[in-house]
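Visitor: Just input-v1.cif, nothing more (mmCIF, C-alpha atoms):
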data_query
loop_
_atom_site.label_atom_id
_atom_site.label_comp_id
_atom_site.auth_asym_id
_atom_site.auth_seq_id
_atom_site.Cartn_x
_atom_site.Cartn_y
_atom_site.Cartn_z
CA MET A 1033 -10.76 -12.73 -21.34
CA ALA A 1034 -8.24 -15.54 -21.74
CA ALA A 1035 -6.19 -16.10 -18.59
CA ALA A 1036 -2.44 -15.55 -18.88
CA HIS A 1037 -1.93 -18.29 -16.32
CA GLN A 1038 -4.25 -20.60 -14.41
CA VAL A 1039 -3.40 -20.48 -10.71
CA SER A 1040 -4.50 -22.93 -8.03
CA ALA A 1041 -3.50 -20.99 -4.90
CA VAL A 1042 -2.33 -17.54 -3.84
CA ILE A 1043 0.52 -16.83 -1.40
CA PHE A 1044 0.83 -13.39 0.21
CA ASP A 1045 3.75 -11.73 1.90
CA LEU A 1046 2.70 -9.99 5.13
CA ASP A 1047 4.70 -6.82 5.90
CA GLY A 1048 4.20 -4.18 3.22
CA THR A 1049 1.86 -6.43 1.23
CA ILE A 1050 -1.04 -7.20 3.56
CA LEU A 1051 -0.25 -4.80 6.41
CA ASP A 1052 1.32 -1.35 6.14
CA THR A 1053 3.81 -2.19 8.88
CA GLU A 1054 6.68 -0.36 7.16
CA ARG A 1055 4.81 2.93 7.49
CA ALA A 1056 3.72 2.18 11.06
CA THR A 1057 7.29 1.45 12.17
CA ARG A 1058 9.12 3.92 9.92
CA ASP A 1059 10.53 6.11 12.69
CA VAL A 1060 11.34 3.39 15.25
CA LEU A 1061 14.92 2.98 14.06
CA ASP A 1062 15.39 6.77 13.97
CA GLU A 1063 14.40 7.05 17.62
CA PHE A 1064 16.51 4.09 18.69
CA LEU A 1065 19.67 5.23 16.89
CA ALA A 1066 19.29 8.78 18.19
CA ALA A 1067 20.11 7.47 21.67
CA TYR A 1068 23.51 6.45 20.26
CA GLY A 1069 24.04 9.67 18.35
CA LYS A 1070 23.39 7.93 15.03
CA VAL A 1071 21.16 8.72 12.06
CA PRO A 1072 19.73 6.05 9.69
CA ASP A 1073 21.21 5.82 6.20
CA PRO A 1074 18.17 5.76 3.83
CA GLU A 1075 20.02 3.85 1.12
CA LYS A 1076 21.12 1.09 3.50
CA GLU A 1077 17.66 0.83 5.06
CA GLU A 1078 15.99 0.51 1.65
CA LYS A 1079 18.24 -2.45 0.86
CA ARG A 1080 17.14 -4.13 4.10
CA LEU A 1081 13.51 -4.24 3.01
CA GLY A 1082 12.24 -7.82 3.16
CA GLN A 1083 15.42 -9.29 4.69
CA MET A 1084 15.38 -12.05 7.29
CA TYR A 1085 15.30 -10.73 10.85
CA LEU A 1086 18.77 -11.99 11.78
CA GLU A 1087 20.33 -10.63 8.58
CA SER A 1088 18.67 -7.25 9.05
CA THR A 1089 19.56 -7.00 12.75
CA THR A 1090 23.18 -8.02 12.21
CA GLY A 1091 23.48 -5.46 9.44
CA ILE A 1092 22.09 -2.63 11.56
CA ILE A 1093 24.48 -3.38 14.45
CA ARG A 1094 27.42 -3.51 12.05
CA ASP A 1095 26.52 -0.48 9.90
CA TYR A 1096 25.97 1.85 12.85
CA GLY A 1097 28.64 0.45 15.16
CA LEU A 1098 26.21 -0.30 17.96
CA PRO A 1099 27.76 -1.72 21.15
CA LEU A 1100 25.11 -4.45 21.31
CA THR A 1101 24.75 -8.16 20.62
CA VAL A 1102 21.91 -9.37 18.42
CA GLU A 1103 20.09 -10.56 21.54
CA GLU A 1104 20.50 -7.20 23.32
CA TYR A 1105 19.35 -5.28 20.25
CA SER A 1106 16.31 -7.54 19.82
CA LYS A 1107 15.34 -7.23 23.47
CA ALA A 1108 15.47 -3.43 23.26
CA MET A 1109 13.67 -3.09 19.92
CA HIS A 1110 10.92 -5.68 20.20
CA PRO A 1111 8.68 -3.67 22.60
CA LEU A 1112 9.01 -0.62 20.34
CA TYR A 1113 7.96 -2.56 17.26
CA LEU A 1114 5.20 -4.36 19.13
CA LYS A 1115 3.62 -1.03 20.06
CA ARG A 1116 3.78 0.29 16.48
CA TRP A 1117 2.44 -2.91 14.91
CA GLN A 1118 -0.83 -2.22 16.66
CA LYS A 1119 -1.20 0.89 14.47
CA ALA A 1120 -0.60 -0.95 11.19
CA LYS A 1121 -3.57 -1.04 8.83
CA PRO A 1122 -4.36 -3.34 5.90
CA LEU A 1123 -3.15 -1.93 2.59
CA PRO A 1124 -5.69 -0.81 -0.04
CA GLY A 1125 -7.37 -3.65 -1.90
CA VAL A 1126 -5.95 -6.52 0.13
CA LYS A 1127 -9.00 -7.27 2.29
CA ARG A 1128 -11.22 -7.17 -0.77
CA LEU A 1129 -8.94 -9.59 -2.65
CA VAL A 1130 -8.47 -12.03 0.23
CA LYS A 1131 -12.20 -12.27 0.96
CA HIS A 1132 -12.98 -12.63 -2.75
CA LEU A 1133 -10.51 -15.48 -3.19
CA PHE A 1134 -11.65 -17.21 0.00
CA LYS A 1135 -15.29 -16.93 -1.09
CA ASN A 1136 -14.33 -18.63 -4.34
CA ARG A 1137 -12.46 -21.41 -2.51
CA VAL A 1138 -8.97 -20.44 -3.61
CA PRO A 1139 -6.40 -21.78 -1.08
CA LEU A 1140 -4.48 -18.95 0.62
CA ALA A 1141 -1.21 -18.70 2.53
CA ILE A 1142 0.98 -16.10 4.23
CA ALA A 1143 4.73 -16.52 3.70
CA SER A 1144 6.77 -13.91 5.57
CA ASN A 1145 10.44 -13.44 6.38
CA SER A 1146 9.35 -12.28 9.84
CA VAL A 1147 9.82 -14.78 12.65
CA ARG A 1148 6.62 -16.61 13.55
CA ARG A 1149 6.17 -15.01 16.96
CA ASN A 1150 6.11 -11.57 15.32
CA ILE A 1151 3.64 -12.74 12.68
CA ASP A 1152 1.34 -13.94 15.46
CA HIS A 1153 1.33 -10.40 16.90
CA LYS A 1154 0.33 -8.92 13.53
CA VAL A 1155 -2.29 -11.35 12.20
CA PRO A 1156 -4.96 -10.25 14.73
CA LYS A 1157 -4.96 -6.87 12.91
CA LEU A 1158 -6.68 -8.70 10.04
CA GLU A 1159 -9.70 -9.38 12.25
CA ASP A 1160 -12.06 -12.07 10.93
CA TRP A 1161 -10.52 -12.31 7.46
CA GLY A 1162 -7.23 -13.48 8.93
CA GLU A 1163 -8.95 -16.85 9.18
CA CYS A 1164 -9.03 -17.05 5.37
CA PHE A 1165 -5.39 -18.18 5.39
CA SER A 1166 -5.07 -21.94 5.87
CA VAL A 1167 -1.26 -21.76 5.95
CA ILE A 1168 0.90 -19.18 7.76
CA LEU A 1169 4.69 -19.49 7.65
CA GLY A 1170 7.51 -17.42 9.15
CA GLY A 1171 11.10 -17.21 8.01
CA ASP A 1172 12.25 -19.19 11.04
CA GLN A 1173 10.10 -22.17 9.99
CA VAL A 1174 12.13 -22.98 6.85
CA PRO A 1175 15.87 -23.66 6.28
CA ASN A 1176 16.49 -20.40 4.42
CA GLY A 1177 14.53 -17.17 4.18
CA LYS A 1178 13.85 -15.09 1.08
CA PRO A 1179 15.39 -14.69 -1.50
CA SER A 1180 15.66 -18.48 -1.15
CA PRO A 1181 12.49 -20.17 -2.52
CA ASP A 1182 12.21 -22.40 0.58
CA ILE A 1183 9.26 -20.62 2.19
CA PHE A 1184 7.22 -20.61 -1.03
CA LEU A 1185 7.97 -24.27 -1.71
CA GLU A 1186 6.89 -25.16 1.83
CA ALA A 1187 3.73 -23.03 1.56
CA ALA A 1188 2.77 -24.74 -1.70
CA LYS A 1189 3.43 -28.15 -0.13
CA ARG A 1190 1.18 -27.37 2.84
CA LEU A 1191 -1.52 -26.02 0.52
CA GLY A 1192 -1.33 -29.26 -1.47
CA VAL A 1193 -0.51 -27.61 -4.80
CA ASN A 1194 2.39 -27.45 -7.22
CA PRO A 1195 4.56 -24.34 -6.71
CA SER A 1196 4.32 -23.52 -10.43
CA SER A 1197 0.54 -23.24 -10.10
CA CYS A 1198 0.83 -20.64 -7.30
CA LEU A 1199 0.56 -16.89 -7.58
CA VAL A 1200 2.71 -14.95 -5.09
CA ILE A 1201 2.00 -11.34 -4.14
CA GLU A 1202 5.07 -9.50 -2.83
CA ASP A 1203 6.24 -5.97 -2.02
CA SER A 1204 10.01 -6.55 -1.69
CA VAL A 1205 12.68 -7.40 -4.25
CA VAL A 1206 14.00 -10.29 -2.13
CA GLY A 1207 10.49 -11.70 -1.96
CA VAL A 1208 10.00 -11.43 -5.72
CA LYS A 1209 13.34 -13.19 -6.31
CA GLY A 1210 12.42 -16.01 -3.94
CA ALA A 1211 8.99 -16.48 -5.49
CA LYS A 1212 10.38 -16.59 -9.03
CA ALA A 1213 12.99 -19.12 -7.89
CA SER A 1214 10.12 -21.36 -6.72
CA GLU A 1215 8.67 -21.18 -10.27
CA ALA A 1216 5.54 -19.39 -9.06
CA LYS A 1217 4.00 -16.48 -10.93
CA VAL A 1218 4.57 -13.15 -9.16
CA VAL A 1219 2.63 -9.92 -8.77
CA ALA A 1220 4.84 -7.19 -7.31
CA VAL A 1221 3.30 -4.30 -5.40
CA PRO A 1222 6.41 -2.29 -4.43
CA SER A 1223 6.33 -0.57 -1.07
CA LEU A 1224 9.22 1.69 -2.09
CA GLN A 1225 8.29 3.56 -5.25
CA SER A 1226 11.89 4.72 -5.77
CA GLN A 1227 12.85 1.07 -6.27
CA ARG A 1228 10.26 0.13 -8.93
CA LYS A 1229 12.92 -0.41 -11.60
CA HIS A 1230 14.31 -3.34 -9.59
CA TYR A 1231 11.07 -5.36 -9.80
CA ASN A 1232 11.21 -6.16 -13.50
CA ILE A 1233 11.56 -9.90 -12.93
CA ALA A 1234 7.97 -9.99 -11.59
CA ASP A 1235 5.25 -11.06 -14.03
CA ILE A 1236 3.22 -7.93 -13.29
CA ILE A 1237 3.99 -4.77 -11.30
CA LEU A 1238 1.06 -2.91 -9.71
CA TYR A 1239 0.83 0.22 -7.62
CA SER A 1240 -1.76 -1.30 -5.31
CA LEU A 1241 -4.01 -4.35 -5.10
CA LEU A 1242 -6.91 -2.11 -6.11
CA ASP A 1243 -5.60 -2.78 -9.64
CA PHE A 1244 -5.43 -6.56 -9.27
CA ASP A 1245 -7.28 -8.36 -12.09
CA PRO A 1246 -8.27 -11.90 -11.06
CA GLU A 1247 -9.19 -12.88 -14.61
CA LEU A 1248 -5.57 -12.59 -15.75
CA TRP A 1249 -4.88 -15.58 -13.52
CA GLY A 1250 -7.94 -17.66 -14.34
CA LEU A 1251 -9.69 -16.53 -11.15
CA PRO A 1252 -13.31 -15.34 -10.81
CA PRO A 1253 -13.80 -11.63 -11.59
CA PHE A 1254 -14.67 -8.95 -9.04
CA GLU A 1255 -18.26 -7.72 -9.18
CA ASP A 1256 -18.23 -5.06 -6.48
CA ARG A 1257 -17.96 -1.72 -8.31
CA ILE A 1258 -20.86 0.67 -7.89
CA GLN A 1259 -21.53 2.65 -11.07
CA GLY A 1260 -17.91 2.29 -12.06
CA VAL A 1261 -16.49 3.12 -8.63
CA LEU A 1262 -14.82 0.82 -6.12
CA PRO A 1263 -15.66 1.84 -2.53
CA ILE A 1264 -12.56 1.96 -0.31
CA ASP A 1265 -11.97 2.50 3.39
CA PRO A 1266 -11.86 6.30 3.88
CA LEU A 1267 -8.46 7.98 3.66
CA ILE A 1268 -7.85 11.45 5.08
CA SER A 1269 -5.48 14.01 3.61
CA THR A 1270 -4.81 17.67 4.34
CA GLY A 1271 -2.93 20.50 2.68
CA GLN A 1272 -3.27 23.83 0.91
CA ILE A 1273 -5.00 24.39 -2.40
CA GLY A 1274 -2.34 25.52 -4.86
CA ASP A 1275 -2.38 27.06 -8.32
CA ARG A 1276 -4.94 26.02 -10.88
CA ILE A 1277 -3.31 23.72 -13.43
CA LEU A 1278 -6.14 23.24 -15.91
CA ASN A 1279 -9.84 24.11 -15.84
CA ASN A 1280 -10.77 23.59 -12.18
CA LEU A 1281 -7.89 21.22 -11.40
CA HIS A 1282 -5.62 22.42 -8.59
CA ARG A 1283 -2.35 21.07 -7.30
CA LEU A 1284 -2.34 20.22 -3.60
CA ILE A 1285 0.46 21.87 -1.66
CA SER A 1286 1.48 19.22 0.86
CA ASP A 1287 2.48 19.74 4.46
CA GLU A 1288 4.07 17.36 6.97
CA HIS A 1289 0.76 15.57 7.55
CA THR A 1290 -0.65 15.40 4.00
CA TYR A 1291 0.30 11.76 3.47
CA ASP A 1292 0.13 10.48 7.05
CA CYS A 1293 -2.93 8.37 6.18
CA ILE A 1294 -2.22 7.85 2.48
CA PRO A 1295 -0.24 4.64 1.82
CA ASP A 1296 2.64 4.92 -0.64
CA GLN A 1297 0.88 2.38 -2.87
CA ILE A 1298 -2.07 4.73 -3.50
CA SER A 1299 -1.98 5.91 -7.12
CA GLY A 1300 -4.71 6.73 -9.63
CA ILE A 1301 -7.95 8.68 -9.94
CA TYR A 1302 -10.22 8.72 -6.89
CA LEU A 1303 -13.34 10.52 -5.71
CA GLY A 1304 -14.41 11.94 -2.40
CA TRP A 1305 -15.34 15.04 -0.48
CA ALA A 1306 -13.43 18.19 0.36
CA LYS A 1307 -13.88 20.60 3.22
CA LEU A 1308 -12.41 23.99 2.37
CA LYS A 1309 -11.81 26.52 5.10
CA VAL A 1310 -13.56 29.30 3.13
CA HIS A 1311 -15.73 27.60 0.51
CA GLY A 1312 -17.05 24.72 2.63
CA PHE A 1313 -17.88 21.27 1.26
CA SER A 1314 -17.53 20.06 -2.31
CA LYS A 1315 -17.55 16.89 -4.33
CA VAL A 1316 -14.05 16.25 -5.66
CA VAL A 1317 -12.08 14.11 -8.06
CA ILE A 1318 -8.59 13.42 -6.71
CA GLY A 1319 -5.58 12.31 -8.70
CA THR A 1320 -2.38 11.11 -7.10
CA GLY A 1321 0.79 9.46 -8.32
CA TRP A 1322 4.57 9.56 -8.31
CA ASP A 1323 6.85 11.86 -10.28
CA PHE A 1324 9.83 9.81 -11.48
CA SER A 1325 11.26 12.57 -13.68
CA GLN A 1326 13.40 14.08 -10.92
CA GLN A 1327 16.40 12.59 -9.13
CA THR A 1328 14.24 12.27 -6.01
CA VAL A 1329 10.93 10.49 -6.53
CA GLU A 1330 8.09 12.68 -5.26
CA ARG A 1331 4.39 12.20 -4.69
CA VAL A 1332 1.98 14.53 -6.48
CA MET A 1333 -1.70 15.11 -5.72
CA VAL A 1334 -4.25 17.18 -7.63
CA VAL A 1335 -7.86 18.03 -6.81
CA GLU A 1336 -10.76 19.06 -9.05
CA PHE A 1337 -13.71 20.67 -7.29
CA LEU A 1338 -17.00 19.62 -8.86
CA ASP A 1339 -19.19 22.11 -6.99
CA TYR A 1340 -17.19 25.26 -7.82
CA SER A 1341 -16.42 26.71 -11.23
CA GLY A 1342 -14.77 29.93 -10.11
CA GLN A 1343 -11.24 30.62 -8.91
CA ILE A 1344 -10.34 29.13 -5.54
CA GLU A 1345 -7.55 31.02 -3.84
CA THR A 1346 -4.95 29.27 -1.72
CA GLU A 1347 -6.69 28.00 1.41
CA PRO A 1348 -6.51 25.00 3.75
CA VAL A 1349 -8.40 21.89 2.69
CA LYS A 1350 -9.19 18.51 4.19
CA LEU A 1351 -9.87 15.65 1.78
CA LEU A 1352 -11.80 12.45 2.40
CA VAL A 1353 -10.97 9.86 -0.26
CA ILE A 1354 -13.70 7.18 -0.45
CA GLY A 1355 -13.78 5.66 -3.94
CA TYR A 1356 -11.37 4.40 -6.60
CA VAL A 1357 -12.16 5.20 -10.24
CA ARG A 1358 -9.20 4.04 -12.34
CA LYS A 1359 -5.45 3.64 -12.59
CA LEU A 1360 -3.24 6.19 -14.34
CA GLN A 1361 -2.69 5.49 -18.02
CA SER A 1362 0.96 6.55 -17.95
CA THR A 1363 3.41 8.12 -15.51
CA ASP A 1364 5.90 9.53 -18.04
CA ASP A 1365 4.38 12.99 -17.53
CA ILE A 1366 2.77 12.90 -14.11
CA LEU A 1367 0.67 16.06 -14.43
CA GLN A 1368 -0.67 14.89 -17.78
CA ALA A 1369 -1.41 11.47 -16.29
CA LEU A 1370 -3.35 13.09 -13.43
CA ASN A 1371 -5.57 15.09 -15.76
CA VAL A 1372 -9.25 14.46 -14.98
CA THR A 1373 -11.39 13.39 -17.95
CA ASP A 1374 -15.04 14.18 -18.66
CA GLU A 1375 -15.84 10.54 -17.93
CA ASP A 1376 -14.10 10.80 -14.52
CA ARG A 1377 -16.21 13.85 -13.68
CA SER A 1378 -19.44 12.19 -14.78
CA ILE A 1379 -18.71 9.02 -12.80
CA ALA A 1380 -17.81 11.03 -9.69
CA ARG A 1381 -20.86 13.33 -9.82
CA ASP A 1382 -23.28 10.42 -10.14
CA ALA A 1383 -21.56 8.16 -7.61
CA LEU A 1384 -21.27 10.83 -4.91
CA ASP A 1385 -25.07 11.19 -4.95
CA LEU A 1386 -25.47 7.52 -4.01
CA PRO A 1387 -25.97 6.66 -0.31
CA THR A 1388 -22.75 4.59 -0.25
CA PHE A 1389 -20.73 7.74 -0.93
CA SER A 1390 -23.02 10.66 -0.02
CA GLU A 1391 -23.10 9.70 3.67
CA TYR A 1392 -19.51 10.93 3.96
CA ALA A 1393 -20.53 14.49 3.12
CA HIS A 1394 -21.29 15.17 6.78
CA ASP A 1395 -18.98 17.14 9.00
CA ILE A 1396 -18.56 14.27 11.46
CA HIS A 1397 -16.39 12.38 8.95
CA PHE A 1398 -13.96 15.31 8.79
CA SER A 1399 -13.47 15.69 12.53
#
Just dump the structure as structure tokens.
Guide:
Amino acid sequence: MAAAHQVSAVIFDLDGTILDTERATRDVLDEFLAAYGKVPDPEKEEKRLGQMYLESTTGIIRDYGLPLTVEEYSKAMHPLYLKRWQKAKPLPGVKRLVKHLFKNRVPLAIASNSVRRNIDHKVPKLEDWGECFSVILGGDQVPNGKPSPDIFLEAAKRLGVNPSSCLVIEDSVVGVKGAKASEAKVVAVPSLQSQRKHYNIADIILYSLLDFDPELWGLPPFEDRIQGVLPIDPLISTGQIGDRILNNLHRLISDEHTYDCIPDQISGIYLGWAKLKVHGFSKVVIGTGWDFSQQTVERVMVVEFLDYSGQIETEPVKLLVIGYVRKLQSTDDILQALNVTDEDRSIARDALDLPTFSEYAHDIHFS
């Protein structure tokens, strides 16, 4: 495959790109504002995604009329965020990509609008692979934060490469704008699916880094799929089995905890195991994606049970998602896009018999 662009180094954003900090801290502002009798405005908070700390903090104080200075607000909020950052997990595909690039001697950097002291609290969550980054920069270490290109220009300088030969991976619109202004190539992995239409200036838009193709950028290919399946860190989901849509494909009726452990970036066809309250365990193919046809963007999940051919009535189910099969071909009609093919079924049946995946069929993994 001919590379669309030959890159010499890769620069990652941190929050929402490497770590799922947005999800981990999602309700912190709600709790803080409640003490002042205020409720967050979703539209305003979406626009703050990726902003510099001072800009974001000043905006929050102004928008909600808080009787606080920036220093007072920061002093009150920092311990709350610090506690939640400890719960943040790496986003799907990022550890795999970072270790792959490092193994192939591709220089790596982190360029975040967060202040450096906050970055230093988050990087330990990356464990040993945090050491793969030879350059780490915070927004307070350059003259101007994103959407200015300053942080990407400085990262490229410290990596010893030309900015135009860098590939930047970003989840926010301000980050994408800054990266493009530096003349780098940009892969956008939006953390807010409702805002996907605003990322069109990126060179490529992905749902998650599970779909990242190194060869498009002149980088060595991945070689870690097992019989067509990419193993992933287990993800738990719960809900109720809904009506049968087609064949043995059922829609999952979500509850308040269905997506607690499923990052917003997860989209595509997956495999795993199901534990039904009545029918017990089954191999499953799981499809999930976003429905953009309505005014409010909604997540949809469907499940096909490979060990049952009869009707399954509505009953509670727990899902363990452990392997990625493929991306969705189109999202114009989400239910059509989530339809499971014969090839998906064949891949899932064979893979779930392999030790890598069959070990999860034990009850202990569902506790």
Visitor: Please expand the PyMOL selection byres ((chain A and resi 1210-1218) around 8) into the concrete residues it hits in this file, giving the result as a count of residues only.
Guide: 25
Visitor: Output the residue selection produced by the PyMOL selection byres ((chain A and resi 1119-1136) around 6) on the file above, formatted as a PDB file with C-alpha atoms, keeping the file's coordinate frame.
Guide:
ATOM      1  CA  ILE A1050      -1.040  -7.200   3.560  1.00  0.00           C
ATOM      2  CA  LEU A1051      -0.250  -4.800   6.410  1.00  0.00           C
ATOM      3  CA  ASP A1052       1.320  -1.350   6.140  1.00  0.00           C
ATOM      4  CA  THR A1053       3.810  -2.190   8.880  1.00  0.00           C
ATOM      5  CA  ALA A1056       3.720   2.180  11.060  1.00  0.00           C
ATOM      6  CA  ARG A1116       3.780   0.290  16.480  1.00  0.00           C
ATOM      7  CA  TRP A1117       2.440  -2.910  14.910  1.00  0.00           C
ATOM      8  CA  GLN A1118      -0.830  -2.220  16.660  1.00  0.00           C
ATOM      9  CA  ARG A1137     -12.460 -21.410  -2.510  1.00  0.00           C
ATOM     10  CA  VAL A1138      -8.970 -20.440  -3.610  1.00  0.00           C
ATOM     11  CA  CYS A1164      -9.030 -17.050   5.370  1.00  0.00           C
ATOM     12  CA  LEU A1241      -4.010  -4.350  -5.100  1.00  0.00           C
ATOM     13  CA  LEU A1242      -6.910  -2.110  -6.110  1.00  0.00           C
TER      14      LEU A1242
END
Visitor: Would you mind reading off the distance between CA of Asp1287 in chain A and CA of Gly1319 in chain A, one decimal, in Å?
Guide: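 We find that CA of Asp1287 in chain A and CA of Gly1319 in chain A lie 17.1 Å from each other.
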Visitor: Just to confirm, what's the straight-line distance from CA of Tyr1340 in chain A to CA of Ser1314 in chain A in Å (one decimal)?
Guide: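 Taking CA of Tyr1340 in chain A and CA of Ser1314 in chain A, their separation equals 7.6 Å.
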Visitor: Identify all residues satisfying the PyMOL selection byres ((chain A and resi 1112) around 12) in the given file; provide them as a list in words.
Guide: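 With the shown file as input, the PyMOL selection byres ((chain A and resi 1112) around 12) matches Ala1056, Thr1057, Arg1058, Asp1059, Val1060, Leu1061, Asp1062, Glu1063, Phe1064, Tyr1105, Ser1106, Lys1107, Ala1108, Met1109, His1110, Pro1111, Tyr1113, Leu1114, Lys1115, Arg1116, Trp1117, Gln1118 and Lys1119 of chain A.
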Visitor: Find the distance between CA of Glu1075 in chain A and CA of Leu1224 in chain A and write it in Å to one decimal.
Guide: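 One can read the CA of Glu1075 in chain A to CA of Leu1224 in chain A distance as 11.5 Å.
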Visitor: Can you tell me, as a PyMOL selection string, what residues are no more than 12 Å from Thr1328 in chain A when counting all atoms listed in the file, ignoring any on the same chain fewer than 3 positions away?
Guide: chain A and resi 1225-1227+1322-1325+1331
Visitor: Can you tell me which residues surround range 1294-1300 of chain A at a distance of at most 10 Å, considering only C-alpha atoms, apart from same-chain residues fewer than 6 positions away, and format the answer as a ChimeraX atom specification?
Guide: /A:1048-1049,1052,1055,1121-1124,1203,1221-1225,1238-1243,1266-1269,1318-1322,1331-1333,1353,1356-1361,1369-1370
Visitor: Can I get the selection written as a PDB file, in the coordinates of the input, with C-alpha atoms?
Guide:
ATOM      1  CA  GLY A1048       4.200  -4.180   3.220  1.00  0.00           C
ATOM      2  CA  THR A1049       1.860  -6.430   1.230  1.00  0.00           C
ATOM      3  CA  ASP A1052       1.320  -1.350   6.140  1.00  0.00           C
ATOM      4  CA  ARG A1055       4.810   2.930   7.490  1.00  0.00           C
ATOM      5  CA  LYS A1121      -3.570  -1.040   8.830  1.00  0.00           C
ATOM      6  CA  PRO A1122      -4.360  -3.340   5.900  1.00  0.00           C
ATOM      7  CA  LEU A1123      -3.150  -1.930   2.590  1.00  0.00           C
ATOM      8  CA  PRO A1124      -5.690  -0.810  -0.040  1.00  0.00           C
ATOM      9  CA  ASP A1203       6.240  -5.970  -2.020  1.00  0.00           C
ATOM     10  CA  VAL A1221       3.300  -4.300  -5.400  1.00  0.00           C
ATOM     11  CA  PRO A1222       6.410  -2.290  -4.430  1.00  0.00           C
ATOM     12  CA  SER A1223       6.330  -0.570  -1.070  1.00  0.00           C
ATOM     13  CA  LEU A1224       9.220   1.690  -2.090  1.00  0.00           C
ATOM     14  CA  GLN A1225       8.290   3.560  -5.250  1.00  0.00           C
ATOM     15  CA  LEU A1238       1.060  -2.910  -9.710  1.00  0.00           C
ATOM     16  CA  TYR A1239       0.830   0.220  -7.620  1.00  0.00           C
ATOM     17  CA  SER A1240      -1.760  -1.300  -5.310  1.00  0.00           C
ATOM     18  CA  LEU A1241      -4.010  -4.350  -5.100  1.00  0.00           C
ATOM     19  CA  LEU A1242      -6.910  -2.110  -6.110  1.00  0.00           C
ATOM     20  CA  ASP A1243      -5.600  -2.780  -9.640  1.00  0.00           C
ATOM     21  CA  PRO A1266     -11.860   6.300   3.880  1.00  0.00           C
ATOM     22  CA  LEU A1267      -8.460   7.980   3.660  1.00  0.00           C
ATOM     23  CA  ILE A1268      -7.850  11.450   5.080  1.00  0.00           C
ATOM     24  CA  SER A1269      -5.480  14.010   3.610  1.00  0.00           C
ATOM     25  CA  ILE A1318      -8.590  13.420  -6.710  1.00  0.00           C
ATOM     26  CA  GLY A1319      -5.580  12.310  -8.700  1.00  0.00           C
ATOM     27  CA  THR A1320      -2.380  11.110  -7.100  1.00  0.00           C
ATOM     28  CA  GLY A1321       0.790   9.460  -8.320  1.00  0.00           C
ATOM     29  CA  TRP A1322       4.570   9.560  -8.310  1.00  0.00           C
ATOM     30  CA  ARG A1331       4.390  12.200  -4.690  1.00  0.00           C
ATOM     31  CA  VAL A1332       1.980  14.530  -6.480  1.00  0.00           C
ATOM     32  CA  MET A1333      -1.700  15.110  -5.720  1.00  0.00           C
ATOM     33  CA  VAL A1353     -10.970   9.860  -0.260  1.00  0.00           C
ATOM     34  CA  TYR A1356     -11.370   4.400  -6.600  1.00  0.00           C
ATOM     35  CA  VAL A1357     -12.160   5.200 -10.240  1.00  0.00           C
ATOM     36  CA  ARG A1358      -9.200   4.040 -12.340  1.00  0.00           C
ATOM     37  CA  LYS A1359      -5.450   3.640 -12.590  1.00  0.00           C
ATOM     38  CA  LEU A1360      -3.240   6.190 -14.340  1.00  0.00           C
ATOM     39  CA  GLN A1361      -2.690   5.490 -18.020  1.00  0.00           C
ATOM     40  CA  ALA A1369      -1.410  11.470 -16.290  1.00  0.00           C
ATOM     41  CA  LEU A1370      -3.350  13.090 -13.430  1.00  0.00           C
TER      42      LEU A1370
END
Visitor: Which residue out of A:Gly1260, A:Gly1312, A:Glu1347, A:Glu1288 has the minimum interatomic distance to Ala1380 in chain A when all atoms listed in the file are used?
Guide: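 Using all atoms listed in the file, the shortest distance to Ala1380 in chain A belongs to A:Gly1260.
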Visitor: Would you mind telling me which residue in A:Leu1367, A:His1394, A:Ala1383, A:Leu1046 lies nearest to Leu1158 in chain A when using all atoms listed in the file?
Guide: A:Leu1046
Visitor: For each of A:Ile1093, A:Val1205, A:Arg1276, A:Trp1305, take the minimum atom-to-atom distance to Arg1228 in chain A, counting only C-alpha atoms, then give the residue where this is smallest.
Guide: A:Val1205
Visitor: Can you tell me which residues surround Val1349 in chain A at a distance of at most 8 Å, considering all atoms listed in the file, apart from same-chain residues fewer than 3 positions away, and format the answer as a PDB file with C-alpha atoms, keeping the file's coordinate frame?
Guide:
ATOM      1  CA  THR A1270      -4.810  17.670   4.340  1.00  0.00           C
ATOM      2  CA  GLY A1271      -2.930  20.500   2.680  1.00  0.00           C
ATOM      3  CA  GLN A1272      -3.270  23.830   0.910  1.00  0.00           C
ATOM      4  CA  ILE A1273      -5.000  24.390  -2.400  1.00  0.00           C
ATOM      5  CA  ALA A1306     -13.430  18.190   0.360  1.00  0.00           C
ATOM      6  CA  LYS A1307     -13.880  20.600   3.220  1.00  0.00           C
ATOM      7  CA  LEU A1308     -12.410  23.990   2.370  1.00  0.00           C
ATOM      8  CA  LYS A1309     -11.810  26.520   5.100  1.00  0.00           C
TER       9      LYS A1309
END
Visitor: With all atoms listed in the file as the atoms that count, which of A:Ala1066, A:Met1084, A:Leu1281, A:Leu1140 lies nearest to Leu1098 in chain A?
Guide: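 With all atoms listed in the file as the atom set, the closest residue is A:Ala1066.
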Visitor: Between A:Glu1330, A:Asp1376, A:Asp1172, A:Gly1091, which has the minimum distance to Asn1150 in chain A (counting all atoms listed in the file)?
Guide: A:Asp1172
Visitor: Which is closest to Val1042 in chain A among A:Thr1363, A:Asn1194, A:Ser1146, A:Asn1232, if we use all atoms listed in the file?
Guide: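 With all atoms listed in the file as the atom set, the closest residue is A:Asn1194.
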